[in-house]
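Asks: Here you go, start.cif (mmCIF, C-alpha atoms):
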data_my_file
#
loop_
_atom_site.group_PDB
_atom_site.id
_atom_site.type_symbol
_atom_site.label_atom_id
_atom_site.label_comp_id
_atom_site.auth_asym_id
_atom_site.auth_seq_id
_atom_site.Cartn_x
_atom_site.Cartn_y
_atom_site.Cartn_z
ATOM 1 C CA ALA A 1 0.000 0.000 0.000
ATOM 2 C CA GLY A 2 1.189 3.464 -0.770
ATOM 3 C CA PHE A 3 1.641 6.367 1.604
ATOM 4 C CA MET A 4 -1.745 7.920 0.774
ATOM 5 C CA SER A 5 -3.629 4.643 1.321
ATOM 6 C CA THR A 6 -1.942 4.129 4.676
ATOM 7 C CA GLN A 7 -2.783 7.709 5.707
ATOM 8 C CA VAL A 8 -6.433 7.227 4.766
ATOM 9 C CA ALA A 9 -6.587 3.969 6.727
ATOM 10 C CA MET A 10 -4.998 5.683 9.749
ATOM 11 C CA HIS A 11 -7.460 8.571 9.912
ATOM 12 C CA ALA A 12 -10.827 7.398 8.596
ATOM 13 C CA ASP A 13 -13.699 6.724 10.991
ATOM 14 C CA CYS A 14 -15.255 4.205 8.628
ATOM 15 C CA PRO A 15 -13.818 0.984 7.197
ATOM 16 C CA VAL A 16 -11.206 1.680 4.523
ATOM 17 C CA VAL A 17 -10.636 -0.729 1.643
ATOM 18 C CA VAL A 18 -7.194 -0.514 0.050
ATOM 19 C CA VAL A 19 -7.073 -2.016 -3.427
ATOM 20 C CA GLY A 20 -3.696 -2.783 -4.946
ATOM 21 C CA ALA A 21 -2.800 -3.818 -8.452
ATOM 22 C CA ALA A 22 -5.042 -6.183 -10.382
ATOM 23 C CA PRO A 23 -4.198 -9.870 -9.943
ATOM 24 C CA PRO A 24 -2.232 -11.591 -12.703
ATOM 25 C CA ASP A 25 -4.287 -13.143 -15.500
ATOM 26 C CA GLY A 26 -5.805 -16.466 -14.570
ATOM 27 C CA ILE A 27 -5.990 -15.744 -10.828
ATOM 28 C CA VAL A 28 -9.555 -16.081 -9.551
ATOM 29 C CA ARG A 29 -10.216 -14.459 -6.197
ATOM 30 C CA HIS A 30 -12.696 -16.114 -3.852
ATOM 31 C CA GLY A 31 -13.838 -15.714 -0.271
ATOM 32 C CA VAL A 32 -13.339 -13.216 2.520
ATOM 33 C CA VAL A 33 -10.674 -13.630 5.200
ATOM 34 C CA VAL A 34 -10.770 -11.875 8.584
ATOM 35 C CA GLY A 35 -8.184 -11.720 11.354
ATOM 36 C CA VAL A 36 -9.498 -12.009 14.913
ATOM 37 C CA ASP A 37 -7.881 -11.694 18.325
ATOM 38 C CA GLY A 38 -10.837 -11.477 20.737
ATOM 39 C CA SER A 39 -10.746 -7.677 21.136
ATOM 40 C CA ALA A 40 -13.668 -5.253 20.679
ATOM 41 C CA VAL A 41 -12.289 -4.059 17.336
ATOM 42 C CA SER A 42 -11.931 -7.689 16.310
ATOM 43 C CA ASP A 43 -15.689 -8.060 16.841
ATOM 44 C CA GLN A 44 -16.277 -4.992 14.641
ATOM 45 C CA ALA A 45 -14.028 -6.506 11.980
ATOM 46 C CA LEU A 46 -15.985 -9.786 12.216
ATOM 47 C CA CYS A 47 -19.253 -7.903 11.672
ATOM 48 C CA TYR A 48 -17.842 -6.161 8.611
ATOM 49 C CA ALA A 49 -16.368 -9.418 7.252
ATOM 50 C CA PHE A 50 -19.669 -11.283 7.672
ATOM 51 C CA GLU A 51 -21.520 -8.441 5.921
ATOM 52 C CA GLN A 52 -19.031 -8.524 3.055
ATOM 53 C CA ALA A 53 -19.120 -12.323 2.705
ATOM 54 C CA SER A 54 -22.932 -12.305 2.742
ATOM 55 C CA SER A 55 -23.228 -9.519 0.164
ATOM 56 C CA ARG A 56 -20.659 -11.252 -2.076
ATOM 57 C CA ARG A 57 -22.325 -14.657 -1.562
ATOM 58 C CA THR A 58 -19.049 -16.262 -0.612
ATOM 59 C CA GLY A 59 -17.460 -18.020 2.354
ATOM 60 C CA LEU A 60 -15.587 -16.527 5.280
ATOM 61 C CA GLU A 61 -12.290 -17.784 6.651
ATOM 62 C CA ILE A 62 -11.562 -16.652 10.190
ATOM 63 C CA VAL A 63 -7.868 -16.531 11.069
ATOM 64 C CA HIS A 64 -6.657 -16.425 14.652
ATOM 65 C CA ALA A 65 -2.863 -16.568 14.723
ATOM 66 C CA TRP A 66 -1.399 -17.258 18.147
ATOM 67 C CA TRP A 67 1.732 -18.216 20.027
ATOM 68 C CA SER A 68 2.039 -21.182 22.338
ATOM 69 C CA THR A 69 3.072 -20.680 25.933
ATOM 70 C CA VAL A 70 3.958 -24.366 26.169
ATOM 71 C CA PRO A 71 7.721 -24.964 25.912
ATOM 72 C CA ALA A 72 8.655 -27.062 22.884
ATOM 73 C CA GLY A 73 9.949 -30.024 24.911
ATOM 74 C CA LEU A 74 6.694 -30.648 26.829
ATOM 75 C CA THR A 75 3.953 -33.080 25.905
ATOM 76 C CA ASN A 76 1.576 -32.656 23.020
ATOM 77 C CA GLU A 77 -1.360 -32.925 25.463
ATOM 78 C CA LEU A 78 -0.565 -29.464 26.821
ATOM 79 C CA ARG A 79 -0.295 -28.049 23.310
ATOM 80 C CA LEU A 80 -3.563 -29.729 22.266
ATOM 81 C CA GLY A 81 -5.256 -28.259 25.335
ATOM 82 C CA GLN A 82 -4.055 -24.826 24.363
ATOM 83 C CA VAL A 83 -5.318 -25.293 20.780
ATOM 84 C CA ALA A 84 -8.727 -26.316 22.159
ATOM 85 C CA GLU A 85 -8.851 -23.163 24.325
ATOM 86 C CA GLU A 86 -7.974 -20.929 21.361
ATOM 87 C CA ARG A 87 -10.549 -22.652 19.125
ATOM 88 C CA LEU A 88 -13.243 -22.256 21.806
ATOM 89 C CA ALA A 89 -12.473 -18.544 22.202
ATOM 90 C CA VAL A 90 -12.786 -18.005 18.433
ATOM 91 C CA SER A 91 -15.988 -20.077 18.249
ATOM 92 C CA GLU A 92 -17.576 -18.058 21.052
ATOM 93 C CA SER A 93 -16.817 -14.776 19.277
ATOM 94 C CA VAL A 94 -18.278 -16.084 15.998
ATOM 95 C CA VAL A 95 -21.479 -17.805 17.146
ATOM 96 C CA GLY A 96 -23.733 -14.713 17.150
ATOM 97 C CA TRP A 97 -22.515 -13.573 13.758
ATOM 98 C CA SER A 98 -22.945 -17.068 12.293
ATOM 99 C CA GLU A 99 -26.561 -17.104 13.437
ATOM 100 C CA ARG A 100 -27.222 -13.625 12.021
ATOM 101 C CA PHE A 101 -25.511 -14.440 8.698
ATOM 102 C CA SER A 102 -26.609 -18.054 8.274
ATOM 103 C CA ASP A 103 -25.966 -17.813 4.508
ATOM 104 C CA VAL A 104 -22.204 -17.521 5.099
ATOM 105 C CA THR A 105 -20.108 -20.690 5.265
ATOM 106 C CA VAL A 106 -17.449 -20.237 7.950
ATOM 107 C CA ARG A 107 -14.087 -21.925 8.346
ATOM 108 C CA GLN A 108 -11.658 -21.343 11.198
ATOM 109 C CA HIS A 109 -7.907 -21.351 10.790
ATOM 110 C CA LEU A 110 -5.707 -21.176 13.921
ATOM 111 C CA PRO A 111 -2.091 -21.087 12.739
ATOM 112 C CA LEU A 112 0.735 -20.976 15.247
ATOM 113 C CA GLY A 113 2.963 -18.024 14.374
ATOM 114 C CA PRO A 114 3.033 -14.359 13.360
ATOM 115 C CA ALA A 115 -0.364 -12.838 12.512
ATOM 116 C CA VAL A 116 0.801 -10.803 9.491
ATOM 117 C CA PHE A 117 2.316 -13.841 7.784
ATOM 118 C CA ALA A 118 -0.732 -16.036 8.558
ATOM 119 C CA LEU A 119 -3.211 -13.442 7.269
ATOM 120 C CA VAL A 120 -1.288 -12.590 4.098
ATOM 121 C CA GLU A 121 -0.738 -16.247 3.263
ATOM 122 C CA THR A 122 -4.349 -17.286 3.966
ATOM 123 C CA ALA A 123 -5.729 -14.359 1.932
ATOM 124 C CA LYS A 124 -3.379 -14.812 -1.024
ATOM 125 C CA TYR A 125 -6.319 -15.447 -3.406
ATOM 126 C CA ALA A 126 -9.130 -13.871 -1.362
ATOM 127 C CA GLU A 127 -11.582 -11.271 -2.632
ATOM 128 C CA LEU A 128 -11.025 -9.299 0.565
ATOM 129 C CA LEU A 129 -8.925 -9.437 3.735
ATOM 130 C CA VAL A 130 -10.431 -7.692 6.776
ATOM 131 C CA VAL A 131 -8.355 -6.572 9.778
ATOM 132 C CA GLY A 132 -9.107 -4.387 12.752
ATOM 133 C CA SER A 133 -7.020 -1.531 14.079
ATOM 134 C CA ARG A 134 -7.377 -0.394 17.671
ATOM 135 C CA GLY A 135 -6.135 3.209 17.494
ATOM 136 C CA GLN A 136 -6.333 3.877 21.237
ATOM 137 C CA GLY A 137 -5.289 7.139 22.842
ATOM 138 C CA ARG A 138 -4.229 10.397 21.165
ATOM 139 C CA LEU A 139 -1.003 9.147 19.618
ATOM 140 C CA ARG A 140 -2.250 5.682 18.781
ATOM 141 C CA ALA A 141 -5.434 7.117 17.260
ATOM 142 C CA VAL A 142 -3.378 8.295 14.288
ATOM 143 C CA LEU A 143 -1.349 5.113 13.997
ATOM 144 C CA LEU A 144 -2.219 1.740 12.572
ATOM 145 C CA GLY A 145 -1.408 -1.348 14.588
ATOM 146 C CA SER A 146 1.541 -3.451 13.551
ATOM 147 C CA VAL A 147 -0.691 -6.189 12.119
ATOM 148 C CA SER A 148 -2.888 -3.879 10.025
ATOM 149 C CA HIS A 149 0.168 -1.959 8.824
ATOM 150 C CA GLY A 150 2.039 -5.168 7.965
ATOM 151 C CA VAL A 151 -0.947 -6.593 6.118
ATOM 152 C CA LEU A 152 -1.352 -3.380 4.097
ATOM 153 C CA GLN A 153 2.303 -3.631 3.075
ATOM 154 C CA HIS A 154 2.300 -7.308 2.071
ATOM 155 C CA ALA A 155 -1.198 -8.461 1.082
ATOM 156 C CA THR A 156 -1.837 -9.370 -2.551
ATOM 157 C CA CYS A 157 -5.596 -8.831 -2.301
ATOM 158 C CA PRO A 158 -7.799 -5.862 -1.326
ATOM 159 C CA VAL A 159 -7.575 -5.103 2.420
ATOM 160 C CA ALA A 160 -10.315 -3.577 4.575
ATOM 161 C CA VAL A 161 -9.117 -1.856 7.754
ATOM 162 C CA VAL A 162 -11.839 -1.489 10.369
ATOM 163 C CA ARG A 163 -10.809 1.043 13.004
ATOM 164 C CA GLN A 164 -12.089 1.011 16.528
ATOM 165 C CA ALA A 165 -14.472 3.896 16.975
ATOM 166 C CA SER A 166 -17.371 4.758 19.226
ATOM 167 C CA ALA A 167 -19.760 4.016 16.362
ATOM 168 C CA VAL A 168 -18.231 2.344 13.343
ATOM 169 C CA ASP A 169 -20.353 2.881 10.252
ATOM 170 C CA THR A 170 -20.029 -0.433 8.438
ATOM 171 C CA HIS A 171 -22.527 0.628 5.781
ATOM 172 C CA ARG A 172 -20.171 3.239 4.404
ATOM 173 C CA GLU A 173 -16.607 2.573 3.447
ATOM 174 C CA MET A 174 -13.777 4.517 1.952
ATOM 175 C CA VAL A 175 -11.936 2.922 -0.929
ATOM 176 C CA SER A 176 -8.326 3.822 -1.547
ATOM 177 C CA THR A 177 -6.233 2.518 -4.386
ATOM 178 C CA SER A 178 -2.512 2.024 -4.123
ATOM 179 C CA ALA A 179 -2.242 4.847 -6.667
ATOM 180 C CA GLY A 180 -3.720 7.185 -4.055
ATOM 181 C CA SER A 181 -7.220 7.963 -5.312
ATOM 182 C CA THR A 182 -9.976 7.764 -2.719
ATOM 183 C CA GLY A 183 -13.741 7.790 -2.690
ATOM 184 C CA PHE A 184 -16.749 6.606 -0.715
ATOM 185 C CA ALA A 185 -18.774 3.540 -1.499
ATOM 186 C CA THR A 186 -22.062 2.474 0.060
#
Can the structure in the file be given as structure tokens, please?

Replies:
Amino acid sequence: AGFMSTQVAMHADCPVVVVGAAPPDGIVRHGVVVGVDGSAVSDQALCYAFEQASSRRTGLEIVHAWWSTVPAGLTNELRLGQVAEERLAVSESVVGWSERFSDVTVRQHLPLGPAVFALVETAKYAELLVVGSRGQGRLRAVLLGSVSHGVLQHATCPVAVVRQASAVDTHREMVSTSAGSTGFAT
């Protein structure tokens, strides 16, 4: 993403969709991917992702990248227990949205490792990748989080950044191209 696109994503009060270059010939994009971490802005990103998947009549892949607190030399039972806890946390955050958007097929992906890499790799051929950005406090309100910034820099598909706000308007979005032009879409 270019400088202008990043600036728009940092300051907008509505979701911002950054669209890069067109995919190479023969590449067919499908599905919506969303990154979740259990935060309030993650829930807003989930709402937006479900709306987008429903309106596009496509599936939704929910990605929750995480790190294990179990040392590598310990038993797999501890690691499996931790995976079950992470999967339960994601399932609990999704259940209400799945009921509301029953037309959307949902898959969960819980990779162990860095979030930016997991999201970019999972969304390689997606129609849209949705991430949240907290933007807390005066200084942080003008900054993007490391994950949203990293995804904007490396994703090969359009990226929607949903910023935490008192009232996020998910029915209006700002579209920014990597060339720097912007506009509103409804």

Asks: Set the distance at 7 Å and use all atoms listed in the file: which residues neighbour Val159 in chain A once local chain neighbours fewer than 6 positions away are removed? I'd like the list as a list of chain:residue names.

Replies: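 Returned residues: A:Val17, A:Val18, A:Val19, A:Leu128, A:Leu129, A:Val130, A:Leu152.
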
Asks: Compute the distance from (-5.1, -14.5, -4.3) to each atom, counting only C-alpha atoms, keep the residues with any atom at most 12 Å away, and return them as a PyMOL selection string; use the coordinates of the file.

Replies: chain A and resi 20-33+119-129+155-159

Asks: Selected residues, C-alpha atoms, written as a compact mmCIF listing (two decimals), keeping the file's coordinate frame, please.

Replies:
# COMPACT_ATOMS: atom_id res chain seq x y z
CA GLY A 20 -3.70 -2.78 -4.95
CA ALA A 21 -2.80 -3.82 -8.45
CA ALA A 22 -5.04 -6.18 -10.38
CA PRO A 23 -4.20 -9.87 -9.94
CA PRO A 24 -2.23 -11.59 -12.70
CA ASP A 25 -4.29 -13.14 -15.50
CA GLY A 26 -5.80 -16.47 -14.57
CA ILE A 27 -5.99 -15.74 -10.83
CA VAL A 28 -9.56 -16.08 -9.55
CA ARG A 29 -10.22 -14.46 -6.20
CA HIS A 30 -12.70 -16.11 -3.85
CA GLY A 31 -13.84 -15.71 -0.27
CA VAL A 32 -13.34 -13.22 2.52
CA VAL A 33 -10.67 -13.63 5.20
CA LEU A 119 -3.21 -13.44 7.27
CA VAL A 120 -1.29 -12.59 4.10
CA GLU A 121 -0.74 -16.25 3.26
CA THR A 122 -4.35 -17.29 3.97
CA ALA A 123 -5.73 -14.36 1.93
CA LYS A 124 -3.38 -14.81 -1.02
CA TYR A 125 -6.32 -15.45 -3.41
CA ALA A 126 -9.13 -13.87 -1.36
CA GLU A 127 -11.58 -11.27 -2.63
CA LEU A 128 -11.02 -9.30 0.56
CA LEU A 129 -8.93 -9.44 3.74
CA ALA A 155 -1.20 -8.46 1.08
CA THR A 156 -1.84 -9.37 -2.55
CA CYS A 157 -5.60 -8.83 -2.30
CA PRO A 158 -7.80 -5.86 -1.33
CA VAL A 159 -7.58 -5.10 2.42

Asks: Find the distance between CA of Ser146 in chain A and CA of Gln44 in chain A and write it in Å to one decimal.

Replies: 17.9 Å

Asks: List, as JSON, numbers by chain, every residue that the PyMOL selection byres ((chain A and resi 111-114) around 8) selects in the file provided.

Replies: {"A": [63, 64, 65, 66, 67, 68, 109, 110, 115, 116, 117, 118]}

Asks: For each of A:Leu80, A:Val162, A:Val151, A:Leu60, take the minimum atom-to-atom distance to Asp43 in chain A, counting only C-alpha atoms, then give the residue where this is smallest.

Replies: A:Val162

Asks: Counting only C-alpha atoms, which residue out of A:Gln82, A:Thr105, A:Gln153, A:Ser39 sits closest to Thr58 in chain A?

Replies: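 Going through A:Gln82, A:Thr105, A:Gln153, A:Ser39 one by one, the smallest distance to Thr58 in chain A is for A:Thr105.
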
Asks: If I take CA of Leu46 in chain A and CA of Val95 in chain A, how far is one from the other in Å, to one decimal?

Replies: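 For CA of Leu46 in chain A relative to CA of Val95 in chain A, the distance reads 10.9 Å.
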
Asks: How many Å separate CA of Val104 in chain A from CA of Gly81 in chain A?

Replies: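 If I compute the distance from CA of Val104 in chain A to CA of Gly81 in chain A, I get 28.5 Å.
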
Asks: Of the candidates A:Val41, A:Ser93, A:Ser98, A:Glu86, which one gets nearest to Gly59 in chain A if we count only C-alpha atoms?

Replies: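 Closest to Gly59 in chain A of all the choices is A:Ser98.
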
Asks: Near Ser54 in chain A, counting all atoms listed in the file, which residues have an atom at most 7 Å away, once you skip same-chain residues fewer than 2 positions from it, shown as a PyMOL selection string?

Replies: chain A and resi 50-52+56-58+101+103-104
